[in-house]
Protein chains: 2
Amino acid sequence: MTPAKPRTRKPVPPPTTAPEPLDSHVLESLVGYNARRAYLVVYVAFAERMAVYGLKPTDFSVLSLLAHNPGATSRQLCAALDIQPPNFVSLVAAMDRRGLIERRPHPHDGRAVGLHLTPAGHQLMVEAEEAVIQLEKEASHKLTDRERETLIRLLQKIYL
Amino acid sequence: MTPAKPRTRKPVPPPTTAPEPLDSHVLESLVGYNARRAYLVVYVAFAERMAVYGLKPTDFSVLSLLAHNPGATSRQLCAALDIQPPNFVSLVAAMDRRGLIERRPHPHDGRAVGLHLTPAGHQLMVEAEEAVIQLEKEASHKLTDRERETLIRLLQKIYL
DNA sequence: TATTGTTATACTCTATAACTATA
DNA sequence: TATAGTTATAGAGTATAACAATA
């Protein structure tokens, strides 16, 4: 067990005087507005906690997919994550340079490249997935386990 | 009633062959991932439908807050919407040029400026709010009214 | 002819430092 | 000394057109 693990909370917020808050009841009745605000909270927590691993949300998503879909191609990953192929190139290149993934020739298609986690990539993802699960738990600590499941189920009814 | 209102649905998707889908069960267990994917769906629907009004989500949020908080200052709006003040300047300038809002001297603070909707701004927002409510209903049509309320309540437990 | 991966590029969004005028 | 609004600017994130290699 890690003794006295370092707090990664924000330092004390600057002692500014808050302005009078506004009535935002209309915005708060919209799914889009609320989904974005909630996402932003998790995103900030992710950025703070995952900086140690040098992973942004998109990097994490790609590596997580590769962990469970070894040999996936750029095309498949782009489709799964809604990323435009041109924007995917530098992403893959950076993780290749870091030694987290490997490109191997595709068995059936000479145009495609199969992507695989390296042992270092696997090891990083074991720690990173654990950290993300923990960070998500903290970011959604006001929800019971049941509520959290419900939330996810309802969100998926919108985008799946 | 408008006869035969023009469909704003996407044209028929190009007949490309989809790649083998990937197993994304880990990502789909994360609040952050699901909130982002769901937000993106609503965002695209918003962009398609609201282009007629020349309003992006942020513009709409600002105008909606001004409709219910006349005389609010830039500082208040930035705080409410989590926008950095420098990024707010061009936003206000554009809506001022369009004649949607007006800047009046603040009654108590010579540094501040009170923002108000013009009659044209009010009229636009009456139509725009109606359009957003309709578009949200369609984007979340797989949810019952009760589920939609639950979803919003749970999202707010994360960010409020 | 269509698809995979790529280059170049542009546009939007977001963040920070520093200035001004008022308080 | 601190705050409201602003300028300039830099960095992400995201989008499209067009190309080479392969199918």
# chains A, B, ... in the order shown; residues from 1 in each chain; ligands from 1
$ interface_residues --of "chain A" --to "chain B" --cutoff "6 Å" --atoms "only C-alpha atoms" --output "list in words"
Pro19, Gly32, Ala35, Arg36, Ala38, Tyr39, Val42, Gln76, Ser140, Leu151, Leu155, Ile158 and Tyr159 of chain A
$ write_last_selection --atoms "all heavy atoms" --output "CSV table (one decimal), in the first residue's frame"
chain,number,residue,atom,x,y,z
A,19,PRO,N,-19.2,36.6,-8.2
A,19,PRO,CA,-20.2,37.5,-8.6
A,19,PRO,C,-21.6,36.9,-8.3
A,19,PRO,O,-21.7,35.7,-8.0
A,19,PRO,CB,-20.0,37.6,-10.1
A,19,PRO,CG,-19.5,36.2,-10.5
A,19,PRO,CD,-18.7,35.8,-9.3
A,32,GLY,N,-28.4,18.4,-23.5
A,32,GLY,CA,-27.1,18.7,-24.1
A,32,GLY,C,-26.2,19.5,-23.1
A,32,GLY,O,-25.1,19.2,-22.9
A,35,ALA,N,-25.2,17.4,-20.1
A,35,ALA,CA,-24.2,16.3,-20.5
A,35,ALA,C,-22.8,17.0,-20.6
A,35,ALA,O,-21.8,16.4,-20.2
A,35,ALA,CB,-24.6,15.6,-21.8
A,36,ARG,N,-22.8,18.2,-21.3
A,36,ARG,CA,-21.5,18.8,-21.4
A,36,ARG,C,-20.9,19.2,-20.1
A,36,ARG,O,-19.7,19.0,-19.9
A,36,ARG,CB,-21.7,20.0,-22.3
A,36,ARG,CG,-20.4,20.8,-22.5
A,36,ARG,CD,-20.5,21.9,-23.6
A,36,ARG,NE,-19.5,22.9,-23.5
A,36,ARG,CZ,-18.3,22.8,-23.9
A,36,ARG,NH1,-17.9,21.8,-24.5
A,36,ARG,NH2,-17.4,23.8,-23.7
A,38,ALA,N,-21.4,18.0,-17.1
A,38,ALA,CA,-20.9,16.8,-16.4
A,38,ALA,C,-19.7,16.2,-17.0
A,38,ALA,O,-18.7,15.9,-16.3
A,38,ALA,CB,-22.0,15.8,-16.4
A,39,TYR,N,-19.6,16.2,-18.3
A,39,TYR,CA,-18.4,15.7,-19.0
A,39,TYR,C,-17.2,16.5,-18.6
A,39,TYR,O,-16.1,16.0,-18.4
A,39,TYR,CB,-18.6,15.7,-20.5
A,39,TYR,CG,-17.3,15.5,-21.3
A,39,TYR,CD1,-16.6,14.3,-21.2
A,39,TYR,CD2,-16.7,16.6,-21.9
A,39,TYR,CE1,-15.4,14.2,-21.9
A,39,TYR,CE2,-15.5,16.5,-22.6
A,39,TYR,CZ,-14.8,15.3,-22.5
A,39,TYR,OH,-13.6,15.2,-23.1
A,42,VAL,N,-15.7,15.5,-15.3
A,42,VAL,CA,-14.9,14.3,-15.4
A,42,VAL,C,-13.6,14.5,-16.2
A,42,VAL,O,-12.5,14.1,-15.8
A,42,VAL,CB,-15.7,13.2,-16.0
A,42,VAL,CG1,-14.9,11.9,-16.1
A,42,VAL,CG2,-17.0,13.0,-15.3
A,76,GLN,N,-10.6,1.0,-38.1
A,76,GLN,CA,-11.6,0.5,-37.1
A,76,GLN,C,-11.6,1.4,-35.8
A,76,GLN,O,-12.6,1.7,-35.3
A,76,GLN,CB,-11.2,-0.9,-36.6
A,76,GLN,CG,-11.4,-2.0,-37.7
A,76,GLN,CD,-11.0,-3.3,-37.2
A,76,GLN,OE1,-9.8,-3.5,-36.9
A,76,GLN,NE2,-11.9,-4.3,-37.0
A,140,SER,N,-17.8,10.9,-9.6
A,140,SER,CA,-19.2,10.6,-9.5
A,140,SER,C,-19.6,10.2,-8.1
A,140,SER,O,-20.5,9.4,-7.9
A,140,SER,CB,-19.6,9.6,-10.5
A,140,SER,OG,-18.9,8.4,-10.3
A,151,LEU,N,-27.4,6.2,-14.9
A,151,LEU,CA,-26.9,7.3,-15.7
A,151,LEU,C,-26.3,6.8,-17.0
A,151,LEU,O,-26.6,7.3,-18.1
A,151,LEU,CB,-25.9,8.1,-14.9
A,151,LEU,CG,-25.1,9.2,-15.7
A,151,LEU,CD1,-26.1,10.2,-16.3
A,151,LEU,CD2,-24.2,9.9,-14.7
A,155,LEU,N,-27.6,7.5,-20.9
A,155,LEU,CA,-26.7,8.2,-21.8
A,155,LEU,C,-26.5,7.4,-23.1
A,155,LEU,O,-26.6,7.9,-24.2
A,155,LEU,CB,-25.3,8.5,-21.2
A,155,LEU,CG,-25.2,9.6,-20.2
A,155,LEU,CD1,-23.9,9.6,-19.5
A,155,LEU,CD2,-25.5,10.9,-20.8
A,158,ILE,N,-29.1,7.5,-25.8
A,158,ILE,CA,-29.0,8.7,-26.7
A,158,ILE,C,-28.1,8.5,-27.8
A,158,ILE,O,-28.4,8.8,-28.9
A,158,ILE,CB,-28.6,9.9,-25.9
A,158,ILE,CG1,-29.7,10.3,-24.9
A,158,ILE,CG2,-28.2,11.1,-26.8
A,158,ILE,CD1,-29.6,11.7,-24.3
A,159,TYR,N,-26.9,7.9,-27.5
A,159,TYR,CA,-25.9,7.8,-28.6
A,159,TYR,C,-25.7,6.4,-29.2
A,159,TYR,O,-25.0,6.3,-30.3
A,159,TYR,CB,-24.5,8.4,-28.1
A,159,TYR,CG,-23.7,7.4,-27.3
A,159,TYR,CD1,-22.8,6.6,-28.0
A,159,TYR,CD2,-23.8,7.3,-25.9
A,159,TYR,CE1,-22.0,5.7,-27.2
A,159,TYR,CE2,-22.9,6.5,-25.2
A,159,TYR,CZ,-22.1,5.7,-25.9
A,159,TYR,OH,-21.3,4.8,-25.2
$ calpha_fit_and_write --fixed "chain A" --moving "chain B" --output "PDB file with C-alpha atoms, in the first residue's frame"
ATOM      1  CA  MET B   1       0.639   0.347   0.063  1.00  0.00           C
ATOM      2  CA  THR B   2       1.983   3.775  -0.802  1.00  0.00           C
ATOM      3  CA  PRO B   3       2.485   5.789   2.366  1.00  0.00           C
ATOM      4  CA  ALA B   4       0.953   9.260   2.433  1.00  0.00           C
ATOM      5  CA  LYS B   5       0.124   9.412  -1.268  1.00  0.00           C
ATOM      6  CA  PRO B   6       0.354  12.975  -2.597  1.00  0.00           C
ATOM      7  CA  ARG B   7      -2.953  14.801  -2.925  1.00  0.00           C
ATOM      8  CA  THR B   8      -3.771  15.693  -6.492  1.00  0.00           C
ATOM      9  CA  ARG B   9      -6.690  17.924  -5.539  1.00  0.00           C
ATOM     10  CA  LYS B  10      -6.715  21.483  -6.750  1.00  0.00           C
ATOM     11  CA  PRO B  11      -4.827  23.821  -4.436  1.00  0.00           C
ATOM     12  CA  VAL B  12      -7.040  26.131  -2.442  1.00  0.00           C
ATOM     13  CA  PRO B  13      -9.093  28.196  -4.911  1.00  0.00           C
ATOM     14  CA  PRO B  14      -7.970  31.833  -5.052  1.00  0.00           C
ATOM     15  CA  PRO B  15      -9.984  33.927  -2.576  1.00  0.00           C
ATOM     16  CA  THR B  16     -11.824  35.952  -5.212  1.00  0.00           C
ATOM     17  CA  THR B  17     -15.247  37.362  -4.511  1.00  0.00           C
ATOM     18  CA  ALA B  18     -17.843  35.463  -6.510  1.00  0.00           C
ATOM     19  CA  PRO B  19     -20.275  37.518  -8.606  1.00  0.00           C
ATOM     20  CA  GLU B  20     -24.020  37.285  -8.124  1.00  0.00           C
ATOM     21  CA  PRO B  21     -25.049  33.943  -9.643  1.00  0.00           C
ATOM     22  CA  LEU B  22     -27.518  33.906 -12.539  1.00  0.00           C
ATOM     23  CA  ASP B  23     -30.779  32.080 -13.090  1.00  0.00           C
ATOM     24  CA  SER B  24     -29.947  29.261 -15.526  1.00  0.00           C
ATOM     25  CA  HIS B  25     -33.077  27.155 -15.209  1.00  0.00           C
ATOM     26  CA  VAL B  26     -33.657  26.965 -18.963  1.00  0.00           C
ATOM     27  CA  LEU B  27     -30.161  25.682 -19.704  1.00  0.00           C
ATOM     28  CA  GLU B  28     -30.418  23.257 -16.818  1.00  0.00           C
ATOM     29  CA  SER B  29     -33.472  21.685 -18.438  1.00  0.00           C
ATOM     30  CA  LEU B  30     -31.488  20.706 -21.529  1.00  0.00           C
ATOM     31  CA  VAL B  31     -29.835  17.316 -21.982  1.00  0.00           C
ATOM     32  CA  GLY B  32     -27.042  18.760 -24.130  1.00  0.00           C
ATOM     33  CA  TYR B  33     -26.088  21.442 -21.636  1.00  0.00           C
ATOM     34  CA  ASN B  34     -26.082  19.076 -18.679  1.00  0.00           C
ATOM     35  CA  ALA B  35     -24.187  16.352 -20.517  1.00  0.00           C
ATOM     36  CA  ARG B  36     -21.485  18.851 -21.460  1.00  0.00           C
ATOM     37  CA  ARG B  37     -21.152  20.278 -17.963  1.00  0.00           C
ATOM     38  CA  ALA B  38     -20.928  16.829 -16.416  1.00  0.00           C
ATOM     39  CA  TYR B  39     -18.425  15.670 -19.031  1.00  0.00           C
ATOM     40  CA  LEU B  40     -16.244  18.697 -18.327  1.00  0.00           C
ATOM     41  CA  VAL B  41     -16.058  17.824 -14.632  1.00  0.00           C
ATOM     42  CA  VAL B  42     -14.888  14.309 -15.406  1.00  0.00           C
ATOM     43  CA  TYR B  43     -12.548  15.620 -18.078  1.00  0.00           C
ATOM     44  CA  VAL B  44     -10.785  17.964 -15.644  1.00  0.00           C
ATOM     45  CA  ALA B  45     -10.422  15.165 -13.107  1.00  0.00           C
ATOM     46  CA  PHE B  46      -9.035  12.951 -15.866  1.00  0.00           C
ATOM     47  CA  ALA B  47      -6.529  15.566 -16.999  1.00  0.00           C
ATOM     48  CA  GLU B  48      -5.262  16.143 -13.450  1.00  0.00           C
ATOM     49  CA  ARG B  49      -4.917  12.500 -12.568  1.00  0.00           C
ATOM     50  CA  MET B  50      -3.694  11.069 -15.860  1.00  0.00           C
ATOM     51  CA  ALA B  51      -0.996  13.620 -16.595  1.00  0.00           C
ATOM     52  CA  VAL B  52       1.396  11.286 -14.744  1.00  0.00           C
ATOM     53  CA  TYR B  53       0.823   8.665 -17.403  1.00  0.00           C
ATOM     54  CA  GLY B  54       1.019  11.184 -20.250  1.00  0.00           C
ATOM     55  CA  LEU B  55      -2.420  10.095 -21.433  1.00  0.00           C
ATOM     56  CA  LYS B  56      -5.233  12.324 -22.616  1.00  0.00           C
ATOM     57  CA  PRO B  57      -8.758  10.925 -22.875  1.00  0.00           C
ATOM     58  CA  THR B  58      -8.334  10.077 -26.545  1.00  0.00           C
ATOM     59  CA  ASP B  59      -5.013   8.321 -25.958  1.00  0.00           C
ATOM     60  CA  PHE B  60      -6.593   6.303 -23.190  1.00  0.00           C
ATOM     61  CA  SER B  61      -9.543   5.354 -25.386  1.00  0.00           C
ATOM     62  CA  VAL B  62      -7.283   4.150 -28.173  1.00  0.00           C
ATOM     63  CA  LEU B  63      -5.064   2.108 -25.866  1.00  0.00           C
ATOM     64  CA  SER B  64      -8.063   0.649 -24.064  1.00  0.00           C
ATOM     65  CA  LEU B  65      -9.579  -0.451 -27.362  1.00  0.00           C
ATOM     66  CA  LEU B  66      -6.261  -1.979 -28.429  1.00  0.00           C
ATOM     67  CA  ALA B  67      -5.981  -3.828 -25.128  1.00  0.00           C
ATOM     68  CA  HIS B  68      -9.251  -5.585 -25.917  1.00  0.00           C
ATOM     69  CA  ASN B  69      -8.962  -5.634 -29.699  1.00  0.00           C
ATOM     70  CA  PRO B  70      -5.361  -6.493 -30.561  1.00  0.00           C
ATOM     71  CA  GLY B  71      -4.535  -5.970 -34.202  1.00  0.00           C
ATOM     72  CA  ALA B  72      -7.262  -3.409 -34.799  1.00  0.00           C
ATOM     73  CA  THR B  73      -6.616  -1.035 -37.689  1.00  0.00           C
ATOM     74  CA  SER B  74      -6.623   2.743 -37.726  1.00  0.00           C
ATOM     75  CA  ARG B  75      -9.835   2.631 -39.698  1.00  0.00           C
ATOM     76  CA  GLN B  76     -11.577   0.544 -37.054  1.00  0.00           C
ATOM     77  CA  LEU B  77     -10.343   2.720 -34.208  1.00  0.00           C
ATOM     78  CA  CYS B  78     -11.345   5.904 -36.016  1.00  0.00           C
ATOM     79  CA  ALA B  79     -14.816   4.505 -36.635  1.00  0.00           C
ATOM     80  CA  ALA B  80     -15.230   3.357 -33.034  1.00  0.00           C
ATOM     81  CA  LEU B  81     -14.115   6.656 -31.542  1.00  0.00           C
ATOM     82  CA  ASP B  82     -15.440   9.036 -34.198  1.00  0.00           C
ATOM     83  CA  ILE B  83     -11.996  10.422 -34.983  1.00  0.00           C
ATOM     84  CA  GLN B  84     -11.116  11.721 -38.436  1.00  0.00           C
ATOM     85  CA  PRO B  85      -8.296   9.579 -39.890  1.00  0.00           C
ATOM     86  CA  PRO B  86      -5.974  12.581 -40.498  1.00  0.00           C
ATOM     87  CA  ASN B  87      -6.180  13.460 -36.817  1.00  0.00           C
ATOM     88  CA  PHE B  88      -5.351   9.911 -35.871  1.00  0.00           C
ATOM     89  CA  VAL B  89      -1.960   9.836 -37.543  1.00  0.00           C
ATOM     90  CA  SER B  90       0.035  11.928 -35.081  1.00  0.00           C
ATOM     91  CA  LEU B  91      -1.720  10.195 -32.208  1.00  0.00           C
ATOM     92  CA  VAL B  92      -0.523   6.762 -33.326  1.00  0.00           C
ATOM     93  CA  ALA B  93       2.915   8.104 -34.212  1.00  0.00           C
ATOM     94  CA  ALA B  94       3.369   9.531 -30.716  1.00  0.00           C
ATOM     95  CA  MET B  95       2.353   6.307 -28.990  1.00  0.00           C
ATOM     96  CA  ASP B  96       4.625   4.385 -31.332  1.00  0.00           C
ATOM     97  CA  ARG B  97       7.561   6.666 -30.420  1.00  0.00           C
ATOM     98  CA  ARG B  98       6.774   6.120 -26.749  1.00  0.00           C
ATOM     99  CA  GLY B  99       6.992   2.395 -27.310  1.00  0.00           C
ATOM    100  CA  LEU B 100       3.411   1.783 -26.208  1.00  0.00           C
ATOM    101  CA  ILE B 101       2.157   0.327 -29.469  1.00  0.00           C
ATOM    102  CA  GLU B 102       3.553  -1.537 -32.434  1.00  0.00           C
ATOM    103  CA  ARG B 103       2.489  -1.550 -36.082  1.00  0.00           C
ATOM    104  CA  ARG B 104       2.476  -4.907 -37.792  1.00  0.00           C
ATOM    105  CA  PRO B 105       1.529  -5.676 -41.375  1.00  0.00           C
ATOM    106  CA  HIS B 106      -2.113  -6.676 -41.699  1.00  0.00           C
ATOM    107  CA  PRO B 107      -2.517 -10.419 -42.433  1.00  0.00           C
ATOM    108  CA  HIS B 108      -5.153 -10.032 -45.162  1.00  0.00           C
ATOM    109  CA  ASP B 109      -4.833  -6.458 -46.462  1.00  0.00           C
ATOM    110  CA  GLY B 110      -1.570  -4.975 -47.663  1.00  0.00           C
ATOM    111  CA  ARG B 111      -2.873  -1.426 -47.300  1.00  0.00           C
ATOM    112  CA  ALA B 112      -3.805  -1.761 -43.653  1.00  0.00           C
ATOM    113  CA  VAL B 113      -1.654  -1.903 -40.549  1.00  0.00           C
ATOM    114  CA  GLY B 114      -2.556  -3.891 -37.457  1.00  0.00           C
ATOM    115  CA  LEU B 115      -1.924  -2.065 -34.185  1.00  0.00           C
ATOM    116  CA  HIS B 116      -0.846  -3.915 -31.053  1.00  0.00           C
ATOM    117  CA  LEU B 117       0.086  -2.932 -27.502  1.00  0.00           C
ATOM    118  CA  THR B 118       3.694  -3.606 -26.580  1.00  0.00           C
ATOM    119  CA  PRO B 119       4.433  -5.191 -23.173  1.00  0.00           C
ATOM    120  CA  ALA B 120       5.169  -1.652 -21.928  1.00  0.00           C
ATOM    121  CA  GLY B 121       1.826  -0.521 -23.341  1.00  0.00           C
ATOM    122  CA  HIS B 122       0.045  -3.371 -21.577  1.00  0.00           C
ATOM    123  CA  GLN B 123       1.738  -2.589 -18.288  1.00  0.00           C
ATOM    124  CA  LEU B 124       0.861   1.102 -18.582  1.00  0.00           C
ATOM    125  CA  MET B 125      -2.765   0.292 -19.320  1.00  0.00           C
ATOM    126  CA  VAL B 126      -3.085  -1.964 -16.281  1.00  0.00           C
ATOM    127  CA  GLU B 127      -2.169   0.997 -14.095  1.00  0.00           C
ATOM    128  CA  ALA B 128      -4.036   3.560 -16.196  1.00  0.00           C
ATOM    129  CA  GLU B 129      -7.325   1.651 -16.220  1.00  0.00           C
ATOM    130  CA  GLU B 130      -7.130   1.294 -12.459  1.00  0.00           C
ATOM    131  CA  ALA B 131      -6.488   5.045 -12.117  1.00  0.00           C
ATOM    132  CA  VAL B 132      -9.380   5.930 -14.420  1.00  0.00           C
ATOM    133  CA  ILE B 133     -11.791   3.693 -12.544  1.00  0.00           C
ATOM    134  CA  GLN B 134     -10.729   5.351  -9.294  1.00  0.00           C
ATOM    135  CA  LEU B 135     -10.964   8.870 -10.705  1.00  0.00           C
ATOM    136  CA  GLU B 136     -14.388   8.171 -12.168  1.00  0.00           C
ATOM    137  CA  LYS B 137     -15.571   6.882  -8.833  1.00  0.00           C
ATOM    138  CA  GLU B 138     -14.454  10.105  -7.168  1.00  0.00           C
ATOM    139  CA  ALA B 139     -15.881  12.370  -9.857  1.00  0.00           C
ATOM    140  CA  SER B 140     -19.255  10.653  -9.510  1.00  0.00           C
ATOM    141  CA  HIS B 141     -19.122  10.163  -5.737  1.00  0.00           C
ATOM    142  CA  LYS B 142     -22.509  11.829  -5.237  1.00  0.00           C
ATOM    143  CA  LEU B 143     -24.128   8.981  -7.209  1.00  0.00           C
ATOM    144  CA  THR B 144     -24.922   5.575  -5.758  1.00  0.00           C
ATOM    145  CA  ASP B 145     -23.684   2.577  -7.748  1.00  0.00           C
ATOM    146  CA  ARG B 146     -27.235   2.063  -8.952  1.00  0.00           C
ATOM    147  CA  GLU B 147     -27.603   5.692 -10.035  1.00  0.00           C
ATOM    148  CA  ARG B 148     -24.295   5.527 -11.863  1.00  0.00           C
ATOM    149  CA  GLU B 149     -25.483   2.471 -13.800  1.00  0.00           C
ATOM    150  CA  THR B 150     -28.751   4.196 -14.596  1.00  0.00           C
ATOM    151  CA  LEU B 151     -26.941   7.313 -15.782  1.00  0.00           C
ATOM    152  CA  ILE B 152     -24.754   5.320 -18.150  1.00  0.00           C
ATOM    153  CA  ARG B 153     -27.700   3.334 -19.464  1.00  0.00           C
ATOM    154  CA  LEU B 154     -29.671   6.501 -20.206  1.00  0.00           C
ATOM    155  CA  LEU B 155     -26.701   8.212 -21.867  1.00  0.00           C
ATOM    156  CA  GLN B 156     -26.275   5.194 -24.119  1.00  0.00           C
ATOM    157  CA  LYS B 157     -29.920   5.381 -25.123  1.00  0.00           C
ATOM    158  CA  ILE B 158     -29.017   8.709 -26.698  1.00  0.00           C
ATOM    159  CA  TYR B 159     -25.883   7.822 -28.615  1.00  0.00           C
ATOM    160  CA  LEU B 160     -26.115   4.092 -29.295  1.00  0.00           C
TER     161      LEU B 160
END
$ select_by_dssp --residues "region 22-152 of chain A" --states "strand (DSSP E)" --output "list in words"
Ile101, Glu102, Arg103, Arg104, Pro105, Val113, Gly114, Leu115, His116 and Leu117 of chain A
$ write_last_selection --atoms "N, CA and C atoms" --output "compact mmCIF listing (two decimals), in the first residue's frame"
# COMPACT_ATOMS: atom_id res chain seq x y z
N ILE A 101 2.82 1.23 -28.46
CA ILE A 101 2.17 0.39 -29.47
C ILE A 101 3.15 0.02 -30.57
N GLU A 102 2.75 -0.96 -31.35
CA GLU A 102 3.58 -1.50 -32.42
C GLU A 102 2.70 -1.62 -33.66
N ARG A 103 3.27 -1.37 -34.83
CA ARG A 103 2.51 -1.54 -36.08
C ARG A 103 3.02 -2.78 -36.77
N ARG A 104 2.11 -3.68 -37.05
CA ARG A 104 2.51 -4.89 -37.77
C ARG A 104 1.71 -4.98 -39.06
N PRO A 105 2.29 -5.54 -40.09
CA PRO A 105 1.55 -5.68 -41.35
C PRO A 105 0.27 -6.47 -41.14
N VAL A 113 -2.66 -1.62 -41.53
CA VAL A 113 -1.64 -1.91 -40.53
C VAL A 113 -2.34 -2.33 -39.25
N GLY A 114 -1.95 -3.47 -38.69
CA GLY A 114 -2.53 -3.90 -37.42
C GLY A 114 -1.79 -3.25 -36.27
N LEU A 115 -2.53 -2.70 -35.32
CA LEU A 115 -1.90 -2.05 -34.17
C LEU A 115 -1.98 -2.95 -32.95
N HIS A 116 -0.88 -3.01 -32.19
CA HIS A 116 -0.80 -3.88 -31.02
C HIS A 116 -0.14 -3.14 -29.87
N LEU A 117 -0.59 -3.44 -28.65
CA LEU A 117 0.11 -2.90 -27.48
C LEU A 117 1.43 -3.63 -27.32
$ interface_residues --of "chain C" --to "chain A" --cutoff "8 Å" --atoms "only C-alpha atoms (C1' of nucleotides)" --output "ChimeraX atom specification"
/C:4-6
$ write_last_selection --atoms "all heavy atoms" --output "compact mmCIF listing (two decimals), in the first residue's frame"
# COMPACT_ATOMS: atom_id res chain seq x y z
P DT C 4 -11.02 1.22 -45.65
OP1 DT C 4 -11.49 0.17 -44.73
OP2 DT C 4 -11.58 2.59 -45.60
O5' DT C 4 -9.43 1.35 -45.53
C5' DT C 4 -8.60 0.20 -45.60
C4' DT C 4 -7.16 0.64 -45.38
O4' DT C 4 -6.76 1.43 -46.51
C3' DT C 4 -6.96 1.52 -44.14
O3' DT C 4 -5.90 0.99 -43.35
C2' DT C 4 -6.65 2.91 -44.70
C1' DT C 4 -6.12 2.61 -46.09
N1 DT C 4 -6.44 3.67 -47.11
C2 DT C 4 -5.43 4.12 -47.94
O2 DT C 4 -4.28 3.71 -47.88
N3 DT C 4 -5.82 5.08 -48.85
C4 DT C 4 -7.09 5.62 -49.01
O4 DT C 4 -7.30 6.46 -49.86
C5 DT C 4 -8.08 5.10 -48.10
C7 DT C 4 -9.49 5.62 -48.19
C6 DT C 4 -7.73 4.16 -47.21
P DG C 5 -5.56 1.57 -41.90
OP1 DG C 5 -4.87 0.54 -41.11
OP2 DG C 5 -6.78 2.19 -41.40
O5' DG C 5 -4.52 2.72 -42.25
C5' DG C 5 -3.30 2.36 -42.88
C4' DG C 5 -2.65 3.58 -43.47
O4' DG C 5 -3.52 4.18 -44.46
C3' DG C 5 -2.33 4.71 -42.47
O3' DG C 5 -0.93 4.86 -42.40
C2' DG C 5 -3.04 5.93 -43.06
C1' DG C 5 -3.23 5.55 -44.51
N9 DG C 5 -4.30 6.26 -45.17
C8 DG C 5 -5.63 6.28 -44.83
N7 DG C 5 -6.36 7.02 -45.62
C5 DG C 5 -5.45 7.52 -46.55
C6 DG C 5 -5.63 8.39 -47.66
O6 DG C 5 -6.69 8.91 -48.06
N1 DG C 5 -4.45 8.63 -48.34
C2 DG C 5 -3.22 8.11 -47.99
N2 DG C 5 -2.18 8.45 -48.75
N3 DG C 5 -3.02 7.30 -46.96
C4 DG C 5 -4.18 7.05 -46.29
P DT C 6 -0.26 5.93 -41.39
OP1 DT C 6 1.11 5.49 -41.07
OP2 DT C 6 -1.25 6.15 -40.32
O5' DT C 6 -0.15 7.25 -42.28
C5' DT C 6 0.66 7.22 -43.43
C4' DT C 6 0.46 8.46 -44.27
O4' DT C 6 -0.92 8.56 -44.65
C3' DT C 6 0.74 9.78 -43.55
O3' DT C 6 2.10 10.12 -43.83
C2' DT C 6 -0.25 10.76 -44.19
C1' DT C 6 -1.12 9.88 -45.09
N1 DT C 6 -2.57 10.18 -45.05
C2 DT C 6 -3.09 11.04 -45.98
O2 DT C 6 -2.41 11.58 -46.83
N3 DT C 6 -4.44 11.24 -45.89
C4 DT C 6 -5.31 10.67 -44.98
O4 DT C 6 -6.50 10.91 -45.00
C5 DT C 6 -4.70 9.78 -44.02
C7 DT C 6 -5.54 9.11 -42.98
C6 DT C 6 -3.37 9.58 -44.10
$ atom_distance --atom1 "C1' of DA17 (chain D)" --atom2 "C1' of DT3 (chain C)"
16.3 Å
$ interface_residues --of "chain D" --to "chain A" --cutoff "8 Å" --atoms "only C-alpha atoms (C1' of nucleotides)" --output "MDAnalysis selection string"
chainID D and resid 14 21:23
$ atom_distance --atom1 "C1' of DT7 (chain D)" --atom2 "C1' of DT9 (chain C)"
26.4 Å
$ atom_distance --atom1 "C1' of DT7 (chain C)" --atom2 "C1' of DA15 (chain D)"
14.5 Å
$ select_by_dssp --residues "region 52-145 of chain B" --states "alpha helix (DSSP H)" --output "JSON, numbers by chain"
{"B": [57, 58, 59, 60, 61, 62, 63, 64, 65, 66, 67, 68, 74, 75, 76, 77, 78, 79, 80, 81, 85, 86, 87, 88, 89, 90, 91, 92, 93, 94, 95, 96, 97, 119, 120, 121, 122, 123, 124, 125, 126, 127, 128, 129, 130, 131, 132, 133, 134, 135, 136, 137, 138, 139, 145]}
$ closest_atom_pairs --of "chain D" --to "region 11-22 of chain C" --cutoff "12 Å" --atoms "only C-alpha atoms (C1' of nucleotides)" --output "JSON lines"
{"residue": "D:DA2", "atom": "C1'", "partner": "C:DT22", "partner_atom": "C1'", "distance": 10.6}
{"residue": "D:DT3", "atom": "C1'", "partner": "C:DT22", "partner_atom": "C1'", "distance": 8.6}
{"residue": "D:DA4", "atom": "C1'", "partner": "C:DT22", "partner_atom": "C1'", "distance": 8.3}
{"residue": "D:DG5", "atom": "C1'", "partner": "C:DT20", "partner_atom": "C1'", "distance": 8.7}
{"residue": "D:DT6", "atom": "C1'", "partner": "C:DT20", "partner_atom": "C1'", "distance": 8.0}
{"residue": "D:DT7", "atom": "C1'", "partner": "C:DC19", "partner_atom": "C1'", "distance": 7.6}
{"residue": "D:DA8", "atom": "C1'", "partner": "C:DA18", "partner_atom": "C1'", "distance": 9.1}
{"residue": "D:DT9", "atom": "C1'", "partner": "C:DT16", "partner_atom": "C1'", "distance": 8.9}
{"residue": "D:DA10", "atom": "C1'", "partner": "C:DA15", "partner_atom": "C1'", "distance": 8.5}
{"residue": "D:DG11", "atom": "C1'", "partner": "C:DA15", "partner_atom": "C1'", "distance": 8.0}
{"residue": "D:DA12", "atom": "C1'", "partner": "C:DT14", "partner_atom": "C1'", "distance": 7.5}
{"residue": "D:DG13", "atom": "C1'", "partner": "C:DC13", "partner_atom": "C1'", "distance": 7.3}
{"residue": "D:DT14", "atom": "C1'", "partner": "C:DT12", "partner_atom": "C1'", "distance": 7.7}
{"residue": "D:DA15", "atom": "C1'", "partner": "C:DC11", "partner_atom": "C1'", "distance": 7.8}
{"residue": "D:DT16", "atom": "C1'", "partner": "C:DC11", "partner_atom": "C1'", "distance": 10.5}
